[in-house]
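Quick look at input-v9.csv (CSV, C-alpha atoms):
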chain,number,residue,atom,x,y,z
A,73,MET,CA,32.7,-50.8,-18.2
A,74,THR,CA,33.7,-47.2,-18.0
A,75,THR,CA,31.6,-44.2,-17.7
A,76,LYS,CA,32.4,-40.9,-19.3
A,77,THR,CA,32.2,-37.8,-17.2
A,78,PRO,CA,31.8,-34.3,-18.6
A,79,MET,CA,35.0,-32.5,-19.1
A,80,LEU,CA,35.7,-29.3,-17.2
A,81,GLY,CA,34.4,-26.2,-18.9
A,82,THR,CA,31.7,-28.0,-20.8
A,83,THR,CA,28.0,-27.4,-20.0
A,84,PHE,CA,24.9,-29.4,-20.4
A,85,LEU,CA,23.1,-26.6,-22.3
A,86,SER,CA,24.0,-25.6,-25.8
A,87,GLN,CA,25.1,-22.0,-26.4
A,88,LYS,CA,21.8,-21.4,-28.2
A,89,TRP,CA,19.8,-22.3,-25.1
A,90,GLN,CA,22.1,-20.3,-22.8
A,91,HIS,CA,21.5,-17.3,-25.0
A,92,ILE,CA,17.7,-17.8,-24.9
A,93,ILE,CA,17.7,-18.1,-21.1
A,94,ILE,CA,19.8,-15.0,-20.6
A,95,THR,CA,17.7,-13.0,-23.0
A,96,ALA,CA,14.5,-14.1,-21.3
A,97,ALA,CA,15.9,-13.3,-17.8
A,98,LEU,CA,16.9,-9.8,-19.0
A,99,LEU,CA,13.5,-9.1,-20.6
A,100,LEU,CA,11.7,-10.3,-17.5
A,101,SER,CA,13.9,-8.1,-15.3
A,102,ALA,CA,13.3,-5.1,-17.5
A,103,ALA,CA,9.6,-5.7,-17.4
A,104,LEU,CA,9.6,-5.9,-13.6
A,105,VAL,CA,11.7,-2.7,-13.3
A,106,PHE,CA,9.3,-0.9,-15.7
A,107,LEU,CA,6.2,-2.1,-13.7
A,108,ILE,CA,7.7,-1.0,-10.4
A,109,LEU,CA,8.7,2.4,-11.9
A,110,TYR,CA,5.3,2.9,-13.4
A,111,GLY,CA,3.6,2.4,-10.0
A,112,PHE,CA,6.1,4.7,-8.3
A,113,VAL,CA,5.7,7.5,-10.9
A,114,ALA,CA,1.9,7.2,-11.0
A,115,GLY,CA,1.8,7.2,-7.2
A,116,SER,CA,4.1,10.2,-7.0
A,117,THR,CA,1.6,12.4,-8.9
A,118,CYS,CA,-0.9,12.4,-6.0
A,119,GLN,CA,-2.0,15.6,-4.3
A,120,TYR,CA,-5.1,14.8,-2.1
A,121,SER,CA,-6.6,14.9,1.3
A,122,ILE,CA,-9.2,12.3,2.4
A,123,SER,CA,-11.3,12.3,5.5
A,124,LEU,CA,-13.5,9.4,6.5
A,125,HIS,CA,-15.2,7.8,9.5
A,126,VAL,CA,-15.0,4.1,10.2
A,127,PRO,CA,-18.2,3.2,12.0
A,128,ASP,CA,-17.3,-0.3,13.0
A,129,ASP,CA,-14.3,1.0,14.9
A,130,GLU,CA,-15.7,4.4,15.7
A,131,ARG,CA,-12.5,6.0,14.5
A,132,ASP,CA,-11.8,8.9,12.2
A,133,VAL,CA,-9.1,8.8,9.5
A,134,PHE,CA,-7.5,11.9,7.8
A,135,MET,CA,-5.0,11.1,5.0
A,136,THR,CA,-2.9,13.3,2.8
A,137,CYS,CA,-0.8,12.4,-0.1
A,138,TYR,CA,1.7,14.7,-1.8
A,139,ARG,CA,4.3,13.5,-4.4
A,140,GLY,CA,3.8,9.9,-3.3
A,141,LYS,CA,4.2,10.4,0.4
A,142,VAL,CA,1.1,9.4,2.4
A,143,VAL,CA,0.5,10.5,6.0
A,144,ALA,CA,-2.6,9.1,7.7
A,145,LEU,CA,-3.9,10.1,11.2
A,146,GLN,CA,-6.2,7.6,12.8
A,147,THR,CA,-8.1,8.9,15.8
A,148,LYS,CA,-10.5,7.3,18.2
A,149,VAL,CA,-12.6,9.7,20.3
A,150,ALA,CA,-14.7,8.8,23.3
A,151,GLN,CA,-18.3,9.9,23.7
A,152,ASP,CA,-17.1,12.9,25.9
A,153,LYS,CA,-14.9,14.0,22.9
A,154,GLU,CA,-11.7,12.9,24.7
A,155,ILE,CA,-9.1,11.4,22.4
A,156,ILE,CA,-8.6,7.8,23.4
A,157,SER,CA,-6.0,6.8,20.8
A,158,LYS,CA,-4.3,8.4,17.8
A,159,TRP,CA,-1.8,6.9,15.4
A,160,LYS,CA,0.3,8.4,12.6
A,161,VAL,CA,1.0,6.1,9.6
A,162,GLU,CA,3.5,7.1,6.9
A,163,ALA,CA,3.7,5.3,3.6
A,164,ARG,CA,4.7,5.5,-0.1
A,165,GLN,CA,1.9,5.3,-2.6
A,166,LEU,CA,2.1,3.1,-5.8
A,167,ARG,CA,-0.8,3.3,-8.3
A,168,TYR,CA,-1.9,0.8,-10.9
A,169,GLY,CA,-5.3,1.9,-12.3
A,170,ASP,CA,-7.8,1.8,-9.4
A,171,GLN,CA,-5.4,-0.3,-7.3
A,172,THR,CA,-3.4,1.6,-4.6
A,173,ILE,CA,-0.5,0.0,-2.8
A,174,TYR,CA,0.8,1.6,0.3
A,175,PHE,CA,4.4,0.7,1.3
A,176,VAL,CA,4.1,1.5,5.0
A,177,TYR,CA,7.5,2.5,6.6
A,178,THR,CA,6.4,4.0,9.9
A,179,ARG,CA,3.4,3.4,12.2
A,180,THR,CA,3.6,5.5,15.4
A,181,PRO,CA,1.2,5.8,18.3
A,182,LEU,CA,0.8,9.5,19.2
A,183,ILE,CA,-1.0,8.7,22.5
A,184,THR,CA,1.0,6.1,24.4
A,185,ASP,CA,-1.1,5.4,27.5
A,186,HIS,CA,-1.7,1.9,26.0
A,187,LYS,CA,-5.5,1.8,26.4
A,188,GLN,CA,-6.7,-1.2,24.4
A,189,ASP,CA,-9.3,-0.1,21.9
A,190,SER,CA,-10.2,-0.9,18.3
A,191,ASN,CA,-7.8,1.7,16.8
A,192,ASN,CA,-4.9,0.4,18.8
A,193,ARG,CA,-5.8,-3.2,17.9
A,194,PHE,CA,-6.1,-2.3,14.1
A,195,ASN,CA,-2.7,-0.7,14.1
A,196,GLN,CA,-1.1,-3.5,16.1
A,197,ILE,CA,-2.4,-6.1,13.7
A,198,SER,CA,-1.5,-4.0,10.6
A,199,ALA,CA,2.0,-3.4,12.0
A,200,ALA,CA,3.2,-6.8,10.7
A,201,TYR,CA,2.4,-5.8,7.1
A,202,LYS,CA,4.5,-3.4,5.1
A,203,PHE,CA,2.4,-3.5,1.9
A,204,LEU,CA,-1.4,-2.7,2.1
A,205,PHE,CA,-3.6,-3.0,-1.0
A,206,TYR,CA,-6.7,-1.0,-1.6
A,207,LYS,CA,-9.0,-0.3,-4.5
A,208,MET,CA,-9.9,3.4,-4.7
A,209,ILE,CA,-12.7,4.7,-6.8
A,210,ARG,CA,-13.6,8.3,-7.0
A,211,SER,CA,-17.0,9.8,-7.7
A,212,GLY,CA,-16.9,13.6,-7.6
A,213,ASP,CA,-15.8,14.7,-4.2
A,214,GLU,CA,-16.4,11.2,-2.7
A,215,VAL,CA,-14.0,8.3,-2.6
A,216,TYR,CA,-14.7,4.6,-2.0
A,217,ILE,CA,-11.9,2.6,-0.6
A,218,PHE,CA,-12.3,-1.2,-0.8
A,219,GLN,CA,-10.4,-3.0,1.9
A,220,ASN,CA,-9.9,-6.7,2.4
A,221,PHE,CA,-7.5,-6.8,5.4
A,222,PRO,CA,-8.0,-7.2,8.3
A,223,ARG,CA,-11.6,-7.6,7.2
A,224,ASN,CA,-13.6,-6.9,4.1
A,225,TYR,CA,-15.0,-3.4,4.2
A,226,ILE,CA,-15.9,-0.5,1.9
A,227,HIS,CA,-15.0,3.0,3.3
A,228,LYS,CA,-16.7,6.1,2.0
A,229,GLY,CA,-14.9,9.4,2.5
A,230,LYS,CA,-14.5,12.9,1.2
A,231,ILE,CA,-11.6,13.7,-1.1
A,232,GLU,CA,-10.0,17.0,-2.2
A,233,GLY,CA,-7.4,17.0,-4.9
A,234,SER,CA,-6.2,14.2,-7.3
A,235,ILE,CA,-5.3,10.6,-6.6
A,236,ASP,CA,-2.9,10.4,-9.5
A,237,PHE,CA,-2.3,11.9,-12.9
A,238,TRP,CA,-5.2,9.9,-14.4
A,239,ASP,CA,-7.7,11.3,-11.9
A,240,SER,CA,-9.7,14.2,-13.3
Kindly present the structure from the file in C-alpha coordinates form.
Amino acid sequence: MTTKTPMLGTTFLSQKWQHIIITAALLLSAALVFLILYGFVAGSTCQYSISLHVPDDERDVFMTCYRGKVVALQTKVAQDKEIISKWKVEARQLRYGDQTIYFVYTRTPLITDHKQDSNNRFNQISAAYKFLFYKMIRSGDEVYIFQNFPRNYIHKGKIEGSIDFWDS
(Lines of atoms letter the chains of each structure in order from A and count residues from 1; the text may use other names and numbers.)
(Lines give C-alpha, C1' and ligand atoms only; values in the text may rest on other atoms or scores of the structure.)
Protein backbone atom coordinates (compact mmCIF):
# COMPACT_ATOMS: atom_id res chain seq x y z
CA MET A 1 0.00 0.00 0.00
CA THR A 2 1.45 3.33 -1.03
CA THR A 3 0.41 6.77 0.02
CA LYS A 4 0.54 9.72 -2.28
CA THR A 5 2.12 12.88 -1.00
CA PRO A 6 1.44 16.28 -2.51
CA MET A 7 3.95 17.36 -5.06
CA LEU A 8 6.11 20.37 -4.40
CA GLY A 9 4.50 23.58 -5.57
CA THR A 10 0.94 22.36 -5.22
CA THR A 11 -1.43 23.77 -2.62
CA PHE A 12 -4.43 22.44 -0.81
CA LEU A 13 -6.54 25.48 -1.76
CA SER A 14 -7.69 26.11 -5.26
CA GLN A 15 -6.71 29.34 -6.97
CA LYS A 16 -10.30 30.59 -6.61
CA TRP A 17 -10.19 30.25 -2.80
CA GLN A 18 -6.73 31.82 -2.66
CA HIS A 19 -8.07 34.83 -4.58
CA ILE A 20 -11.09 35.11 -2.25
CA ILE A 21 -8.92 34.96 0.89
CA ILE A 22 -6.45 37.56 -0.43
CA THR A 23 -9.27 39.89 -1.48
CA ALA A 24 -10.98 39.56 1.91
CA ALA A 25 -7.69 40.25 3.73
CA LEU A 26 -7.07 43.36 1.63
CA LEU A 27 -10.61 44.66 2.19
CA LEU A 28 -10.39 44.10 5.95
CA SER A 29 -6.99 45.81 6.06
CA ALA A 30 -8.34 48.80 4.11
CA ALA A 31 -11.36 49.04 6.43
CA LEU A 32 -9.12 48.95 9.51
CA VAL A 33 -6.84 51.68 8.09
CA PHE A 34 -9.88 53.81 7.23
CA LEU A 35 -11.32 53.37 10.74
CA ILE A 36 -8.05 54.38 12.42
CA LEU A 37 -7.60 57.35 10.07
CA TYR A 38 -11.17 58.53 10.69
CA GLY A 39 -10.62 58.54 14.47
CA PHE A 40 -7.28 60.31 14.02
CA VAL A 41 -8.71 63.01 11.72
CA ALA A 42 -11.83 63.53 13.87
CA GLY A 43 -9.67 63.72 17.00
CA SER A 44 -7.29 66.16 15.33
CA THR A 45 -10.03 68.75 14.91
CA CYS A 46 -10.26 69.43 18.64
CA GLN A 47 -9.72 72.85 20.15
CA TYR A 48 -10.98 72.86 23.73
CA SER A 49 -10.21 73.44 27.38
CA ILE A 50 -11.98 71.48 30.10
CA SER A 51 -11.79 72.09 33.82
CA LEU A 52 -13.38 69.79 36.36
CA HIS A 53 -13.18 68.74 39.98
CA VAL A 54 -13.14 65.08 41.03
CA PRO A 55 -14.80 65.06 44.48
CA ASP A 56 -13.93 61.42 45.32
CA ASP A 57 -10.21 62.15 44.99
CA GLU A 58 -10.41 65.87 45.82
CA ARG A 59 -8.35 66.70 42.75
CA ASP A 60 -8.70 69.26 40.00
CA VAL A 61 -8.19 68.47 36.33
CA PHE A 62 -7.47 70.99 33.59
CA MET A 63 -7.29 69.60 30.05
CA THR A 64 -6.55 71.20 26.73
CA CYS A 65 -6.73 69.70 23.29
CA TYR A 66 -5.44 71.32 20.13
CA ARG A 67 -5.10 69.50 16.81
CA GLY A 68 -5.38 66.15 18.53
CA LYS A 69 -2.76 66.68 21.22
CA VAL A 70 -4.17 66.51 24.74
CA VAL A 71 -2.39 67.88 27.80
CA ALA A 72 -4.01 67.26 31.19
CA LEU A 73 -2.85 68.67 34.51
CA GLN A 74 -4.13 66.78 37.55
CA THR A 75 -3.64 68.63 40.82
CA LYS A 76 -4.41 67.67 44.41
CA VAL A 77 -4.47 70.57 46.87
CA ALA A 78 -4.44 70.30 50.67
CA GLN A 79 -6.92 72.18 52.86
CA ASP A 80 -4.30 74.89 53.48
CA LYS A 81 -4.11 75.39 49.65
CA GLU A 82 -0.67 73.73 49.43
CA ILE A 83 -0.25 71.57 46.32
CA ILE A 84 0.24 67.96 47.43
CA SER A 85 0.67 66.35 44.00
CA LYS A 86 0.53 67.40 40.39
CA TRP A 87 0.78 65.29 37.25
CA LYS A 88 1.03 66.17 33.57
CA VAL A 89 -0.45 63.65 31.14
CA GLU A 90 0.03 63.94 27.37
CA ALA A 91 -2.03 61.99 24.88
CA ARG A 92 -3.32 61.80 21.33
CA GLN A 93 -7.10 62.06 20.91
CA LEU A 94 -9.13 59.77 18.64
CA ARG A 95 -12.89 60.40 18.25
CA TYR A 96 -15.72 58.12 17.13
CA GLY A 97 -19.06 59.84 17.79
CA ASP A 98 -19.30 60.41 21.56
CA GLN A 99 -16.48 57.94 22.21
CA THR A 100 -13.09 59.49 22.95
CA ILE A 101 -9.96 57.39 23.00
CA TYR A 102 -6.78 58.82 24.47
CA PHE A 103 -3.49 57.26 23.45
CA VAL A 104 -1.36 58.29 26.42
CA TYR A 105 2.32 58.62 25.61
CA THR A 106 3.66 60.45 28.69
CA ARG A 107 2.60 60.66 32.32
CA THR A 108 4.92 62.81 34.42
CA PRO A 109 4.78 63.74 38.12
CA LEU A 110 5.49 67.46 38.43
CA ILE A 111 5.93 67.21 42.21
CA THR A 112 8.27 64.40 43.09
CA ASP A 113 8.31 64.30 46.89
CA HIS A 114 6.46 60.94 46.62
CA LYS A 115 3.65 61.59 49.07
CA GLN A 116 1.09 58.85 48.67
CA ASP A 117 -2.30 60.38 47.89
CA SER A 118 -5.27 59.61 45.65
CA ASN A 119 -3.89 61.62 42.71
CA ASN A 120 -0.57 59.76 42.78
CA ARG A 121 -2.38 56.44 43.21
CA PHE A 122 -4.69 57.16 40.25
CA ASN A 123 -1.76 58.00 37.98
CA GLN A 124 0.31 55.04 39.15
CA ILE A 125 -2.59 52.67 38.40
CA SER A 126 -3.31 54.32 35.04
CA ALA A 127 0.37 54.29 34.01
CA ALA A 128 0.09 50.68 32.88
CA TYR A 129 -2.54 51.59 30.29
CA LYS A 130 -1.75 53.40 27.04
CA PHE A 131 -5.34 53.58 25.77
CA LEU A 132 -8.07 55.19 27.89
CA PHE A 133 -11.69 55.18 26.74
CA TYR A 134 -14.28 57.80 27.69
CA LYS A 135 -17.71 58.82 26.51
CA MET A 136 -17.96 62.62 26.30
CA ILE A 137 -21.30 64.39 26.00
CA ARG A 138 -21.53 68.14 25.72
CA SER A 139 -24.46 70.23 26.90
CA GLY A 140 -23.82 73.92 26.27
CA ASP A 141 -20.72 74.92 28.20
CA GLU A 142 -20.82 71.75 30.33
CA VAL A 143 -19.31 68.40 29.46
CA TYR A 144 -20.08 65.00 30.97
CA ILE A 145 -17.26 62.48 30.85
CA PHE A 146 -18.22 58.87 31.51
CA GLN A 147 -15.37 56.82 32.91
CA ASN A 148 -15.29 53.10 33.69
CA PHE A 149 -11.64 52.71 34.70
CA PRO A 150 -10.31 52.47 37.38
CA ARG A 151 -13.88 52.84 38.65
CA ASN A 152 -17.24 53.84 37.18
CA TYR A 153 -17.73 57.57 37.46
CA ILE A 154 -19.40 60.48 35.66
CA HIS A 155 -17.39 63.70 35.66
CA LYS A 156 -19.06 67.05 35.08
CA GLY A 157 -16.89 69.93 33.92
CA LYS A 158 -16.83 73.23 32.10
CA ILE A 159 -15.74 73.29 28.47
CA GLU A 160 -14.68 76.06 26.13
CA GLY A 161 -14.14 75.33 22.44
CA SER A 162 -15.03 72.31 20.34
CA ILE A 163 -14.42 68.62 20.98
CA ASP A 164 -14.26 67.75 17.26
CA PHE A 165 -15.62 68.96 13.93
CA TRP A 166 -19.08 67.49 14.71
CA ASP A 167 -19.32 69.56 17.90
CA SER A 168 -21.40 72.71 17.45
How many Å separate atom CA of A:Ile155 from atom CA of A:Ile122? 20.0 Å
Exercise: A:Val142 partners within 9 Å, only C-alpha atoms, chain neighbours under 6 positions left out, as a list in words: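 Within the cut-off, the hits are Met135, Thr136, Val161, Glu162, Ala163, Arg164, Gln165, Tyr174 and Val176 of chain A.
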Where does stretch 133-226 of chain A meet stretch 99-121 of chain A within 7 Å, residue by residue, with the nearest atom pair and distance in Å to one decimal for each, counting only C-alpha atoms, listed by chain and rising number, as a tab-separated table?
residue	atom	partner	partner_atom	distance
A:Met135	CA	A:Ser121	CA	5.5
A:Thr136	CA	A:Ser121	CA	4.3
A:Cys137	CA	A:Tyr120	CA	5.3
A:Tyr138	CA	A:Gln119	CA	4.6
A:Arg139	CA	A:Ser116	CA	4.2
A:Gly140	CA	A:Ser116	CA	3.7
A:Gln165	CA	A:Gly115	CA	5.0
A:Leu166	CA	A:Gly115	CA	4.3
A:Arg167	CA	A:Gly111	CA	4.8
A:Tyr168	CA	A:Gly111	CA	5.8
So, counting only C-alpha atoms, which residue among A:Gln219, A:Tyr225, A:Lys160, A:Leu98 is closest to A:Ala199?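 Closest to A:Ala199 of all the choices is A:Lys160.
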Using only C-alpha atoms, which of A:Pro181, A:Gly233, A:Pro222, A:Gly212 sits nearest A:Gln146?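 Smallest separation from A:Gln146 among the options: A:Pro181.
The gap separating atom CA of A:Lys153 from atom CA of A:Asp185 is 16.9 Å, in Å to one decimal.
Computed from the coordinates, the atom CA of A:Thr147 to atom CA of A:Phe134 distance equals 8.6 Å.
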Of the listed residues A:Val143, A:Met208, A:Leu85, A:Leu124, that which approaches A:Asp236 most closely, counting only C-alpha atoms: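 Of A:Val143, A:Met208, A:Leu85, A:Leu124, the one nearest A:Asp236, counting only C-alpha atoms, is A:Met208.
Residues near the point (-10.7, 13.2, -5.9), at a distance of 6 Å or less over only C-alpha atoms, make up A:Arg210, A:Asp213, A:Ile231, A:Glu232, A:Gly233, A:Ser234.
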Place a sphere of radius 12 Å on (-10.0, 6.9, 10.7) in the file coordinates and name every protein, DNA or RNA residue with an atom inside or on its surface, counting all atoms listed in the file; give the answer as an MDAnalysis selection string. chainID A and resid 122:135 144:149 157:161 190:192 194:195 227:229
